[in-house]
Structures are given as structure tokens and as C-alpha cells.
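Colleague: File start32.cif follows (mmCIF, C-alpha atoms):
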data_entry
loop_
_atom_site.label_atom_id
_atom_site.label_comp_id
_atom_site.auth_asym_id
_atom_site.auth_seq_id
_atom_site.Cartn_x
_atom_site.Cartn_y
_atom_site.Cartn_z
CA VAL A 1 0.00 0.00 0.00
CA HIS A 2 1.38 3.41 -0.97
CA LEU A 3 0.96 6.32 1.45
CA ILE A 4 0.65 9.52 -0.55
CA PRO A 5 0.58 12.96 1.13
CA VAL A 6 -2.42 15.00 0.02
CA ASN A 7 -1.94 18.58 1.23
CA PRO A 8 1.10 20.30 2.73
CA ILE A 9 1.01 21.29 6.40
CA LYS A 10 0.25 25.00 6.84
CA GLU A 11 2.63 27.05 8.92
CA GLY A 12 1.52 27.69 12.47
CA GLY A 13 -0.64 24.60 12.81
CA LEU A 14 -1.65 21.20 11.46
CA ASN A 15 -3.97 21.10 8.52
CA PRO A 16 -6.57 18.42 9.26
CA LYS A 17 -6.53 17.52 5.55
CA SER A 18 -2.82 16.70 5.63
CA ARG A 19 -3.40 13.10 6.73
CA LYS A 20 -1.95 10.60 4.31
CA ARG A 21 -4.41 9.10 1.88
CA ILE A 22 -4.14 5.37 1.29
CA MET A 23 -4.25 4.36 -2.36
CA PRO A 24 -5.78 0.85 -2.43
CA ASP A 25 -3.80 -0.31 -5.45
CA LEU A 26 -2.88 -3.62 -3.80
CA LEU A 27 -6.41 -4.53 -2.74
CA THR A 28 -8.17 -4.36 -6.09
CA GLU A 29 -6.59 -6.16 -8.98
CA PRO A 30 -6.27 -4.13 -12.17
CA PRO A 31 -7.81 -5.73 -15.27
CA ALA A 32 -4.74 -5.47 -17.54
CA ILE A 33 -1.11 -6.45 -16.88
CA ASP A 34 0.24 -4.01 -14.32
CA PRO A 35 3.94 -4.77 -13.84
CA VAL A 36 4.22 -2.76 -10.60
CA TYR A 37 1.20 -4.49 -9.03
CA GLU A 38 2.52 -7.91 -10.09
CA ALA A 39 5.97 -7.09 -8.70
CA HIS A 40 4.40 -6.22 -5.32
CA VAL A 41 2.58 -9.57 -5.31
CA TYR A 42 5.85 -11.34 -6.18
CA CYS A 43 7.74 -9.62 -3.32
CA ASN A 44 5.15 -10.89 -0.83
CA ILE A 45 6.21 -8.36 1.83
CA PRO A 46 4.81 -9.53 5.21
CA THR A 47 2.15 -6.99 6.18
CA ILE A 48 -1.47 -7.91 6.85
CA ALA A 49 -2.50 -11.31 8.22
CA GLU A 50 -3.22 -13.72 5.40
CA ARG A 51 -6.61 -15.31 4.81
CA SER A 52 -6.25 -18.94 3.85
CA MET A 53 -8.52 -21.84 2.90
CA GLU A 54 -6.30 -24.59 4.29
CA GLY A 55 -8.02 -27.10 6.57
CA TYR A 56 -11.61 -26.59 5.37
CA ALA A 57 -13.73 -29.75 5.11
CA PRO A 58 -17.14 -31.11 6.18
CA HIS A 59 -17.09 -31.77 9.96
CA TYR A 60 -17.21 -35.58 9.55
CA PHE A 61 -13.95 -35.62 7.54
CA LYS A 62 -10.63 -36.38 9.21
CA LEU A 63 -7.33 -34.85 8.06
CA VAL A 64 -4.76 -37.66 7.69
CA SER A 65 -1.87 -36.15 5.70
CA VAL A 66 -0.43 -32.81 4.62
CA GLN A 67 2.33 -32.42 2.04
CA VAL A 68 3.81 -28.97 1.53
CA LEU A 69 6.02 -27.74 -1.31
CA ILE A 70 7.50 -24.27 -0.71
CA ARG A 71 9.64 -21.82 -2.57
CA HIS A 72 12.36 -20.25 -0.42
CA GLY A 73 11.70 -16.78 0.96
CA ASP A 74 12.99 -13.40 -0.18
CA ARG A 75 16.66 -13.56 -1.15
CA TYR A 76 19.50 -11.38 -2.30
CA PRO A 77 19.93 -11.44 -6.13
CA LEU A 78 21.72 -14.31 -7.87
CA TYR A 79 23.15 -11.89 -10.45
CA ALA A 80 24.65 -8.42 -10.19
CA ILE A 81 24.19 -5.65 -12.74
CA PRO A 82 27.79 -5.08 -13.93
CA LYS A 83 29.54 -1.84 -12.97
CA THR A 84 26.88 -0.83 -10.42
CA LYS A 85 26.94 -0.89 -6.63
CA ARG A 86 25.14 -3.94 -5.31
CA PRO A 87 21.92 -3.21 -3.36
CA ASP A 88 22.75 -2.34 0.22
CA ILE A 89 20.88 -5.00 2.22
CA ASP A 90 21.82 -6.44 5.61
CA CYS A 91 21.27 -10.20 6.07
CA MET A 92 21.76 -10.17 9.85
CA LEU A 93 18.61 -11.14 11.75
CA LEU A 94 17.55 -8.26 14.03
CA PRO A 95 14.22 -8.79 15.84
CA ASN A 96 13.68 -5.03 16.27
CA ARG A 97 14.00 -4.34 12.52
CA LYS A 98 11.03 -4.56 10.18
CA PRO A 99 9.70 -6.85 8.90
CA SER A 100 9.90 -8.92 12.08
CA HIS A 101 8.02 -11.71 13.81
CA PRO A 102 7.23 -12.32 17.51
CA GLN A 103 9.19 -15.60 17.37
CA LEU A 104 12.21 -14.35 15.44
CA GLU A 105 14.41 -14.01 18.52
CA ALA A 106 13.44 -17.48 19.79
CA PHE A 107 14.06 -18.88 16.29
CA ILE A 108 17.64 -17.50 16.26
CA LYS A 109 18.35 -19.04 19.69
CA HIS A 110 16.90 -22.40 18.70
CA MET A 111 18.88 -22.52 15.43
CA SER A 112 22.14 -22.11 17.34
CA LYS A 113 21.42 -25.43 19.13
CA GLY A 114 20.89 -27.45 15.96
CA SER A 115 23.99 -29.63 15.97
CA ALA A 116 21.94 -32.69 17.08
CA ALA A 117 19.88 -32.72 13.86
CA GLN A 118 20.54 -35.29 11.16
CA MET A 119 21.44 -33.39 8.01
CA ASP A 120 22.14 -35.26 4.79
CA GLY A 121 25.48 -34.82 3.05
CA THR A 122 26.43 -31.22 2.45
CA LEU A 123 23.46 -29.79 4.39
CA SER A 124 25.31 -30.12 7.70
CA SER A 125 27.91 -27.60 6.53
CA LEU A 126 25.29 -24.93 5.66
CA PRO A 127 24.37 -22.16 8.14
CA ARG A 128 20.93 -22.63 9.74
CA TYR A 129 20.05 -18.94 9.45
CA PRO A 130 21.41 -15.94 7.50
CA SER A 131 24.02 -13.90 9.36
CA HIS A 132 26.00 -11.60 7.05
CA SER A 133 25.94 -7.83 7.53
CA ILE A 134 26.30 -7.52 3.75
CA CYS A 135 24.19 -10.17 2.04
CA GLU A 136 25.93 -12.76 -0.08
CA MET A 137 24.57 -13.59 -3.53
CA GLY A 138 21.38 -15.66 -3.24
CA GLU A 139 21.32 -15.41 0.57
CA LEU A 140 17.99 -15.48 2.41
CA THR A 141 17.13 -12.07 3.90
CA GLN A 142 15.34 -11.27 7.16
CA THR A 143 12.19 -10.74 5.05
CA GLY A 144 12.62 -14.30 3.71
CA VAL A 145 12.92 -15.75 7.21
CA VAL A 146 9.85 -13.83 8.42
CA GLN A 147 7.80 -14.97 5.41
CA HIS A 148 8.34 -18.60 6.40
CA LEU A 149 7.91 -18.01 10.13
CA ARG A 150 4.48 -16.69 9.13
CA ASN A 151 3.82 -19.69 6.85
CA GLY A 152 4.68 -22.11 9.66
CA GLN A 153 2.54 -20.25 12.19
CA LEU A 154 -0.47 -20.24 9.84
CA LEU A 155 -0.10 -23.97 9.12
CA ARG A 156 0.29 -24.71 12.85
CA GLU A 157 -2.92 -22.92 13.75
CA ILE A 158 -4.82 -24.98 11.20
CA TYR A 159 -3.15 -28.40 11.12
CA ILE A 160 -1.84 -28.77 14.69
CA ASN A 161 -4.14 -26.65 16.88
CA LYS A 162 -7.37 -27.28 14.96
CA HIS A 163 -6.96 -30.65 13.22
CA LYS A 164 -4.40 -32.34 15.55
CA LEU A 165 -2.46 -33.77 12.59
CA LEU A 166 0.59 -34.22 14.87
CA LEU A 167 0.22 -34.67 18.62
CA SER A 168 2.70 -33.27 21.16
CA ASP A 169 4.54 -36.64 21.25
CA TRP A 170 5.09 -36.71 17.45
CA THR A 171 7.95 -38.87 16.24
CA ALA A 172 10.68 -38.40 13.63
CA LYS A 173 8.98 -41.01 11.40
CA GLN A 174 5.87 -38.83 11.08
CA LEU A 175 7.88 -36.12 9.29
CA TYR A 176 9.54 -36.20 5.89
CA LEU A 177 11.78 -33.16 5.29
CA GLU A 178 13.71 -32.52 2.10
CA THR A 179 15.54 -29.51 0.70
CA THR A 180 17.90 -28.63 -2.11
CA GLY A 181 21.49 -27.94 -1.13
CA LYS A 182 21.19 -24.14 -0.96
CA SER A 183 21.33 -22.26 2.33
CA ARG A 184 18.18 -20.29 1.35
CA THR A 185 16.07 -23.45 0.97
CA LEU A 186 17.42 -25.11 4.13
CA GLN A 187 16.89 -21.91 6.16
CA SER A 188 13.37 -21.43 4.74
CA ALA A 189 12.47 -25.01 5.73
CA LEU A 190 13.82 -24.49 9.25
CA ALA A 191 11.96 -21.17 9.67
CA LEU A 192 8.64 -22.77 8.65
CA LEU A 193 9.32 -25.82 10.79
CA TYR A 194 10.15 -23.70 13.83
CA THR A 195 6.76 -21.98 14.00
CA PHE A 196 4.95 -25.16 12.87
CA LEU A 197 6.52 -27.19 15.72
CA PRO A 198 7.96 -24.54 18.11
CA ASP A 199 11.10 -25.53 20.04
CA PHE A 200 11.13 -28.92 18.31
CA ASP A 201 13.56 -31.56 19.50
CA TRP A 202 16.55 -31.42 17.12
CA LYS A 203 17.11 -35.18 17.55
CA LYS A 204 13.81 -35.78 15.72
CA ILE A 205 14.87 -33.73 12.69
CA ASN A 206 16.20 -35.61 9.69
CA MET A 207 16.68 -33.21 6.77
CA ARG A 208 17.26 -34.98 3.47
CA HIS A 209 19.30 -33.41 0.69
CA GLN A 210 17.78 -33.32 -2.80
CA TRP A 211 20.44 -32.59 -5.42
CA SER A 212 17.92 -31.91 -8.21
CA THR A 213 15.84 -28.70 -8.29
CA ILE A 214 12.96 -30.72 -9.82
CA PHE A 215 13.23 -33.34 -7.04
CA CYS A 216 13.52 -36.21 -9.52
CA SER A 217 15.67 -38.27 -7.10
CA GLY A 218 16.63 -41.54 -8.85
CA SER A 219 14.41 -40.97 -11.92
CA CYS A 220 16.16 -38.03 -13.54
CA ASP A 221 17.22 -39.64 -16.81
CA CYS A 222 14.63 -38.28 -19.26
CA PRO A 223 15.92 -37.19 -22.70
CA MET A 224 12.54 -35.85 -23.91
CA ARG A 225 12.22 -33.63 -20.85
CA ASN A 226 15.46 -31.94 -21.87
CA HIS A 227 14.20 -31.71 -25.47
CA TYR A 228 11.03 -29.84 -24.44
CA LEU A 229 13.01 -27.57 -22.14
CA GLU A 230 15.33 -26.60 -25.02
CA GLU A 231 12.31 -25.94 -27.25
CA GLU A 232 10.78 -23.78 -24.51
CA GLN A 233 14.03 -21.81 -24.19
CA ARG A 234 13.96 -21.19 -27.96
CA ARG A 235 10.41 -19.88 -27.64
CA GLN A 236 11.51 -17.53 -24.85
CA TYR A 237 14.41 -16.24 -26.96
CA SER A 238 12.17 -15.72 -29.99
CA LEU A 239 9.67 -13.66 -27.97
CA ARG A 240 12.47 -11.54 -26.54
CA VAL A 241 14.07 -10.64 -29.89
CA LYS A 242 10.66 -9.69 -31.34
CA ASN A 243 10.14 -7.08 -28.62
CA ASN A 244 11.69 -3.89 -30.04
CA TYR A 245 10.68 -1.80 -27.04
CA LEU A 246 12.43 -4.23 -24.69
CA GLU A 247 15.56 -4.07 -26.87
CA LYS A 248 15.58 -0.24 -26.69
CA ILE A 249 15.34 -0.42 -22.91
CA TYR A 250 18.28 -2.85 -22.75
CA VAL A 251 20.34 -0.58 -25.05
CA ASP A 252 19.51 2.42 -22.85
CA MET A 253 20.40 0.60 -19.62
CA ALA A 254 23.63 -0.74 -21.13
CA LYS A 255 24.67 2.83 -22.01
CA ILE A 256 23.96 3.96 -18.44
CA VAL A 257 26.20 1.27 -16.93
CA GLY A 258 28.75 1.39 -19.75
CA ILE A 259 28.75 -2.21 -20.98
CA PRO A 260 27.67 -3.99 -24.21
CA THR A 261 23.91 -4.66 -24.42
CA ARG A 262 24.59 -8.39 -24.76
CA GLN A 263 26.47 -8.44 -21.45
CA LEU A 264 23.68 -6.59 -19.65
CA ARG A 265 21.07 -9.05 -20.92
CA ALA A 266 23.23 -11.98 -19.79
CA SER A 267 23.42 -10.52 -16.27
CA ASN A 268 19.62 -11.00 -15.97
CA PRO A 269 18.88 -7.47 -14.67
CA ILE A 270 15.28 -8.27 -13.62
CA ASP A 271 16.54 -10.51 -10.80
CA SER A 272 18.65 -7.69 -9.38
CA LEU A 273 16.05 -4.96 -10.03
CA LEU A 274 13.37 -6.96 -8.20
CA CYS A 275 15.61 -6.93 -5.12
CA TYR A 276 15.87 -3.12 -5.26
CA PHE A 277 12.10 -2.95 -5.76
CA CYS A 278 11.12 -5.42 -3.00
CA HIS A 279 13.42 -3.71 -0.49
CA ASN A 280 12.39 -0.19 -1.50
CA VAL A 281 15.99 0.71 -2.41
CA SER A 282 16.67 3.24 -5.21
CA PHE A 283 17.66 1.66 -8.52
CA PRO A 284 21.40 2.01 -9.31
CA CYS A 285 22.94 5.15 -10.82
CA THR A 286 26.22 5.89 -12.61
CA LYS A 287 27.81 9.11 -13.87
CA THR A 288 25.87 8.63 -17.10
CA GLY A 289 22.42 8.38 -15.50
CA CYS A 290 20.10 6.18 -13.46
CA ILE A 291 18.21 3.00 -14.10
CA GLY A 292 14.61 3.95 -13.34
CA MET A 293 11.08 2.67 -12.84
CA GLU A 294 10.37 2.84 -16.60
CA HIS A 295 13.22 0.42 -17.32
CA PHE A 296 11.91 -1.87 -14.58
CA LYS A 297 8.30 -1.75 -15.83
CA VAL A 298 9.22 -2.68 -19.41
CA ILE A 299 11.37 -5.66 -18.36
CA LYS A 300 8.78 -6.84 -15.82
CA ARG A 301 5.94 -6.46 -18.34
CA HIS A 302 7.87 -8.58 -20.85
CA GLN A 303 8.38 -11.23 -18.17
CA LEU A 304 4.60 -11.33 -17.57
CA GLU A 305 3.87 -11.53 -21.31
CA ASP A 306 6.37 -14.38 -21.56
CA GLU A 307 4.49 -16.27 -18.82
CA ARG A 308 1.23 -15.74 -20.69
CA GLU A 309 2.64 -17.02 -23.99
CA ARG A 310 4.25 -19.95 -22.19
CA GLN A 311 0.78 -21.12 -21.12
CA GLU A 312 -0.54 -20.90 -24.69
CA LYS A 313 2.33 -22.62 -26.53
CA LYS A 314 2.27 -25.84 -24.47
CA LEU A 315 6.01 -26.63 -24.79
CA TYR A 316 6.51 -25.79 -21.14
CA PHE A 317 3.49 -27.94 -20.22
CA LEU A 318 5.09 -30.97 -21.94
CA TYR A 319 8.37 -30.25 -20.15
CA ALA A 320 6.47 -29.86 -16.85
CA LEU A 321 4.71 -33.23 -17.13
CA LEU A 322 8.03 -35.06 -17.51
CA ALA A 323 9.91 -32.86 -15.03
CA THR A 324 7.42 -33.31 -12.20
CA HIS A 325 6.32 -36.92 -12.58
CA PRO A 326 8.97 -38.31 -10.17
CA LEU A 327 7.97 -35.84 -7.41
CA LEU A 328 4.21 -36.28 -7.98
CA ASN A 329 4.69 -40.06 -8.08
CA GLN A 330 6.41 -39.98 -4.67
CA THR A 331 3.55 -37.82 -3.38
CA VAL A 332 0.90 -40.26 -4.63
CA ASN A 333 2.76 -43.33 -3.28
CA ARG A 334 3.00 -41.68 0.14
CA LEU A 335 -0.71 -40.77 0.16
CA GLN A 336 -1.66 -44.33 -0.85
CA ARG A 337 0.39 -45.78 2.00
CA ILE A 338 -1.31 -43.46 4.50
CA ALA A 339 -4.75 -44.30 3.04
CA GLU A 340 -3.92 -47.96 3.71
CA GLY A 341 -3.36 -47.12 7.39
CA LYS A 342 0.40 -46.40 7.66
CA LYS A 343 1.15 -43.63 10.17
CA GLU A 344 4.54 -42.54 8.77
CA GLU A 345 5.45 -39.36 6.85
CA ILE A 346 2.06 -37.76 7.48
CA PHE A 347 3.60 -34.28 7.32
CA VAL A 348 5.94 -33.66 4.39
CA LEU A 349 7.91 -30.52 3.64
CA HIS A 350 9.86 -30.02 0.39
CA SER A 351 11.82 -26.77 0.37
CA ALA A 352 12.54 -25.73 -3.18
CA HIS A 353 12.70 -23.03 -5.86
CA ASP A 354 10.49 -21.26 -8.41
CA VAL A 355 11.79 -23.76 -11.00
CA THR A 356 10.32 -26.54 -8.82
CA LEU A 357 6.89 -25.07 -8.09
CA SER A 358 6.23 -23.59 -11.51
CA PRO A 359 6.31 -26.90 -13.45
CA VAL A 360 4.24 -28.65 -10.75
CA LEU A 361 1.48 -26.04 -11.14
CA SER A 362 1.67 -26.39 -14.93
CA ALA A 363 1.60 -30.21 -14.85
CA LEU A 364 -1.44 -30.22 -12.56
CA GLY A 365 -3.24 -27.96 -15.05
CA ILE A 366 -3.50 -24.96 -12.71
CA THR A 367 -3.06 -22.45 -15.54
CA GLU A 368 -4.52 -19.45 -13.68
CA ALA A 369 -1.83 -19.56 -10.99
CA ARG A 370 0.69 -16.75 -10.78
CA PHE A 371 4.40 -17.46 -11.09
CA PRO A 372 5.63 -18.59 -7.63
CA ARG A 373 6.26 -15.56 -5.44
CA PHE A 374 8.83 -15.55 -2.65
CA ALA A 375 7.76 -18.03 0.06
CA ALA A 376 4.99 -19.47 -2.14
CA ARG A 377 3.40 -22.64 -0.77
CA LEU A 378 1.59 -25.48 -2.52
CA VAL A 379 -0.26 -27.81 -0.14
CA PHE A 380 -1.72 -31.28 -0.73
CA GLU A 381 -4.19 -32.27 2.00
CA MET A 382 -5.61 -35.80 2.28
CA TRP A 383 -8.89 -36.38 4.11
CA GLN A 384 -10.69 -39.55 5.23
CA ASP A 385 -14.47 -39.66 4.95
CA GLY A 386 -15.75 -40.40 8.49
CA LYS A 387 -18.95 -41.97 7.10
CA ARG A 388 -17.04 -44.20 4.67
CA PRO A 389 -13.57 -44.66 6.19
CA LYS A 390 -12.17 -46.44 3.11
CA GLU A 391 -12.77 -43.33 0.96
CA HIS A 392 -10.05 -40.69 0.79
CA PHE A 393 -10.06 -37.27 -0.85
CA ILE A 394 -7.49 -34.61 -1.60
CA ARG A 395 -7.51 -30.82 -1.62
CA ILE A 396 -4.81 -28.74 -3.31
CA LEU A 397 -4.10 -25.20 -2.15
CA TYR A 398 -1.78 -22.57 -3.59
CA ASN A 399 -0.88 -19.67 -1.30
CA GLY A 400 -4.01 -20.38 0.72
CA ALA A 401 -6.41 -20.47 -2.25
CA ASP A 402 -8.23 -23.74 -3.01
CA VAL A 403 -7.21 -24.73 -6.56
CA THR A 404 -8.40 -28.36 -6.39
CA PHE A 405 -10.97 -27.93 -9.13
CA GLN A 406 -8.65 -25.98 -11.39
CA THR A 407 -6.61 -29.18 -11.84
CA SER A 408 -7.01 -31.02 -15.14
CA PHE A 409 -7.95 -34.28 -13.39
CA CYS A 410 -10.69 -32.87 -11.13
CA LYS A 411 -12.33 -30.13 -13.23
CA ASP A 412 -15.24 -32.34 -14.33
CA TYR A 413 -15.75 -34.08 -10.99
CA TYR A 414 -16.60 -30.72 -9.41
CA LYS A 415 -19.69 -30.38 -11.62
CA ARG A 416 -21.10 -33.73 -10.44
CA SER A 417 -20.18 -33.81 -6.75
CA SER A 418 -21.38 -32.07 -3.61
CA LYS A 419 -18.08 -32.75 -1.80
CA PRO A 420 -15.57 -29.84 -1.73
CA MET A 421 -12.62 -32.07 -2.63
CA CYS A 422 -11.32 -34.59 -5.16
CA PRO A 423 -11.27 -38.41 -4.79
CA LEU A 424 -7.74 -39.69 -4.20
CA GLU A 425 -8.17 -42.19 -7.08
CA LYS A 426 -8.47 -39.33 -9.58
CA PHE A 427 -5.09 -37.95 -8.51
CA VAL A 428 -3.58 -41.47 -8.55
CA SER A 429 -4.90 -42.18 -12.08
CA PHE A 430 -3.56 -38.86 -13.31
CA VAL A 431 -0.04 -39.47 -11.98
CA LYS A 432 0.19 -43.18 -12.78
CA ARG A 433 -1.42 -43.09 -16.25
CA ASP A 434 -3.04 -39.91 -17.61
CA MET A 435 0.11 -37.76 -17.44
CA PHE A 436 1.54 -39.83 -20.32
CA LEU A 437 -1.46 -39.81 -22.69
CA VAL A 438 -0.34 -36.62 -24.43
CA PHE A 439 2.94 -38.42 -25.30
CA ASN A 440 1.03 -41.46 -26.62
CA SER A 441 2.74 -43.47 -23.86
CA THR A 442 1.74 -45.55 -20.89
CA SER A 443 4.76 -45.02 -18.63
CA TYR A 444 7.27 -42.37 -17.56
CA TYR A 445 10.16 -44.38 -19.02
CA ASP A 446 8.45 -44.64 -22.42
CA ALA A 447 7.34 -40.97 -22.45
CA CYS A 448 10.91 -39.92 -21.67
CA ARG A 449 12.19 -41.69 -24.78
CA ARG A 450 9.38 -41.45 -27.35
CA ARG A 451 10.10 -38.76 -29.98
CA PRO A 452 7.07 -36.66 -30.93
CA LEU A 453 5.42 -37.52 -34.27
#
Spit out the file's structure as C-alpha cells when you get a sec.
Modeller:
Amino acid sequence: VHLIPVNPIKEGGLNPKSRKRIMPDLLTEPPAIDPVYEAHVYCNIPTIAERSMEGYAPHYFKLVSVQVLIRHGDRYPLYAIPKTKRPDIDCMLLPNRKPSHPQLEAFIKHMSKGSAAQMDGTLSSLPRYPSHSICEMGELTQTGVVQHLRNGQLLREIYINKHKLLLSDWTAKQLYLETTGKSRTLQSALALLYTFLPDFDWKKINMRHQWSTIFCSGSCDCPMRNHYLEEEQRRQYSLRVKNNYLEKIYVDMAKIVGIPTRQLRASNPIDSLLCYFCHNVSFPCTKTGCIGMEHFKVIKRHQLEDERERQEKKLYFLYALLATHPLLNQTVNRLQRIAEGKKEEIFVLHSAHDVTLSPVLSALGITEARFPRFAARLVFEMWQDGKRPKEHFIRILYNGADVTFQTSFCKDYYKRSSKPMCPLEKFVSFVKRDMFLVFNSTSYYDACRRRPL
């Protein structure tokens, strides 16, 4: 929300009309692409309490499993704009600095005691919370930590306090925790976990390392997945070179920083500019001039147009189906085991990246979803029907919104059913069989090797 002064204060006294007027540009969505509005949504700055639809079901339903896939929180850029001063952001955690969280101080103390946790491979050598006075590239910021402390608190209120998914004597076997090998994903997972299970016993924590950003584990060999990704990258490039206005903006920015246009483009300036924007820091200047909001708007608008075209052209969708099958298959196998009565891995947390969440949303058919913001969360809930205990249903939620019936496999069921969720079998059939129909295949292995006609 922007606070905009209306009238100046008159000398000798306060003008009652000088109060700041609130422009509600973040509360009502504009009809057309508004790059500044979309950038605010992407930043996900912790302000007002979030409304969420997690945990809603008819009273006779019992919650039996929750699987959460998150994107890490706000981070320092991965790329720097050459020949400019990097954004001045402090990655020390200071509870009295905004944005903060009532449990931030306790979180810092608890993280310093974490040596008893089991951490796979290289995870044990990563810091458990950010602590540099000048952020390192890609490092989680205080904003990023607070975003996930809030996520964990929200999920605790619903799943622990209300639905008693885990009781106070929960065991290590009831959790499955997995993260990529980046400090920002490990720290995001720990921040969420801390408010979800405050002051948890470190001996019960077993954090698994996932080397692949698409969480394909032992099923990563898929030549056709790589083929569709390359085709998608060609589409992206083609759209970029067709945009003359974007090219002019890159030429102008390159002149300001004094480097070839090609080099500026390669440094991915939107990643860096979003950091300036999200942290309300002025865009960089040189002796030649300043990068400004107009530059930012054009690049951000192109990014949004690219996302829109990506949905239409379907290359990314084909990539997404093959990229996410291993992860979705693990999810389905776990849900089936729990439906059969197993009491292990009933709460699952995968801490990942935008390149993990985005293809999952695409593969599920949730085409209306925005690109994953910082600290985005995708939740799979499984419920048991109390009147027919053998029947299980799932709900899928994205950033608190129920998207179950936006999925390709449950769109039609919604029209025929009075229940606000999707039968587990529909999800199972989709993952085990229907995902491969578009490739004229019956298995992941075959779809990964069958060349398109």
C-alpha cells in the first residue's frame, strides 16, 4: 500500500486535511497487466495477516496427511548488474527491525542449538540462518525468514491446533523433510518448521538433501524432458528478440552502466532490479544516468507476457509433465500408504525453488496460478471420509487459495459432486497413467524416450 501525502502542512498549525491518503492499489486487482502491481505480489512483503482456505472440510472428515512444497523466501539477487553498486541490504537477523516476527528471537536461539539434527550430506555444513551484515549472492534475507515463520505459524494454527495432525509426542517417522542444497532453501524449511513445531527436539529432525531442483531423485534420466526444455528456451528467446521496445530499454540501460547490451542481458537485470524494488531501495545510478522505474516496468511487463505465452504454446506444459512426474509419483505413493493405514510421513515438507513449483502447477493444469512468489506454498491435503472410512479425498491449495478444481484431473468431478474435494483415485490415475497420454505413452520411461510424431 502506498501512502501519498495529500496537502502540505500549513505554517503555524496542522492542517486536518494533511493526513496521508491510502491508495488501495494492492487490494483491487487491475484488469490489464500491471507490472508494478505484479511485482508487489511477487515480493510478498509480510504486512497484513493472510486469509487462507487450508483445513476446510465437512465436519465428519478427518485430516490424515499434509504435504507442503514451498519456494524459499525473499533472497538477495543471484546476479549483479555489472559496474553498479550492489543493493545495500543487511542479512543479519535483528528482531527489532522490520519486517519482524514475535518468534524471530526465539528462532535465532533455537537454530544455534541445531547440531543434534541429522542433516544429509552437504546440508550439515550450511548455516541454519542468515548472518552476514552484507548479504551474499542468493542469501535469504530477514524478510525471507519472516515470510516462512508466518507460513509455519499459519499452518500450525490450522493443522496442529485445529486438526491435531501431529500430537505433542510426534515422532521423527511422522515427518519427511527434504531440501535442495542451498542455504536459502534449508533456512526457509527451518523457519517454517520452527513456528509449525515450536522448540522442536533437534534429535527428531532428519533433513534430506535433494540434489535436483525438480526433485527427480533416482528418476532423472529423461531425454525428452530436456528436449522440451530446449524448445521452450527457444520460444523464450524468440519472444524476446521480437520485442523492439524491450531491446531499446536494454540498449539504454547498457549505455547507463557502460557495458555492451549483450552483457547486460546476460546478467539478468530483472533478478537484481526486483531486489531493489522489493526492499524499496533506489535503482542504481552511474555518472551517465540512473536505471529507473520505466526500465523496470518494461522488463517486468515482458516477463509477464512471456508467462502468458508460455501457457498458450504448451512446450513448457510438456516439459512440466516429464519434469514433475517423479515428485508427484512420490507424493501419490505416500498418500496411498497413508490411506492404507500407515502412520509414517504424514507431514511432508519439500523446500525448493520457483523452477520446482512452476512446473508442478503447470503439470497439474493450474493455468490461472501466478508465477511462484517468494515463500509461495503449494499444499496437498488428504482427508478420510468419516462416514465411509475407506474413501479418501485430496484438496490442493496454492498460497491459501483452493485450486483443487482448477486441476485437469478434477475439473469435471466438481460439476457432479457435492463434496468440496477430489477423490484420491483421480489424482492417482492422473499421476500413474493420464500424465503420459499426451505423449502417446503408458509409462514415464516410455514418455521420456518417445520422440514426438
Colleague: Each residue of segment 168-204 of chain A with at least one atom at most 12 Å from segment 367-379 of chain A should appear once, together with its nearest atom pair and the corresponding distance in Å (one decimal); atoms considered: only C-alpha atoms; ordering: chain, then increasing residue number; output as a Markdown table.
Modeller:
| residue | atom | partner | partner_atom | distance |
| --- | --- | --- | --- | --- |
| A:Arg184 | CA | A:Ala375 | CA | 10.7 |
| A:Thr185 | CA | A:Ala375 | CA | 10.0 |
| A:Gln187 | CA | A:Ala375 | CA | 11.6 |
| A:Ser188 | CA | A:Ala375 | CA | 8.1 |
| A:Ala189 | CA | A:Ala375 | CA | 10.2 |
| A:Ala191 | CA | A:Ala375 | CA | 10.9 |
| A:Leu192 | CA | A:Ala375 | CA | 9.9 |
Colleague: Name the residues in contact with segment 279-289 of chain A at a cut-off of 7 Å, using only C-alpha atoms, excluding same-chain residues fewer than 6 positions from it; report them as a ChimeraX atom specification.
Modeller: /A:84-85,256-257,273
Colleague: Care to translate the PyMOL selection byres ((chain A and resi 207) around 9) into actual residues of this file, as a VMD selection string?
Modeller: chain A and resid 117 to 120 123 176 to 179 186 205 to 206 208 to 209
Colleague: Which one of A:Phe196, A:Arg71, A:Ser358, A:Leu126 sits closest to Arg156 of chain A if you count all atoms listed in the file?
Modeller: A:Phe196
Colleague: Which residue is closest to Lys411 of chain A? Choose from A:Tyr276, A:Gly365, A:Glu381, A:Gly181 and count all atoms listed in the file.
Modeller: A:Gly365
Colleague: Return as a PyMOL selection string the set of residues that the PyMOL selection byres ((chain A and resi 57) around 10) yields on the displayed structure.
Modeller: chain A and resi 53-56+58-63+383+385+395+419-421
Colleague: Going by the chain IDs and residue numbers used in this file, which residues fall under the PyMOL selection byres ((chain A and resi 217) around 12)? Write them as a list of chain:residue names.
Modeller: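 That expression, the PyMOL selection byres ((chain A and resi 217) around 12), corresponds here to A:Glu178, A:Thr179, A:Thr180, A:Arg208, A:His209, A:Gln210, A:Trp211, A:Ser212, A:Thr213, A:Ile214, A:Phe215, A:Cys216, A:Gly218, A:Ser219, A:Cys220, A:Asp221, A:Ala323, A:Thr324, A:His325, A:Pro326, A:Leu327, A:Leu328, A:Asn329, A:Gln330.
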Colleague: Suppose you want the space between atom CA of Asp88 of chain A and atom CA of Ser133 of chain A; what is it in Å?
Modeller: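 Separating atom CA of Asp88 of chain A from atom CA of Ser133 of chain A is a distance of 9.7 Å.
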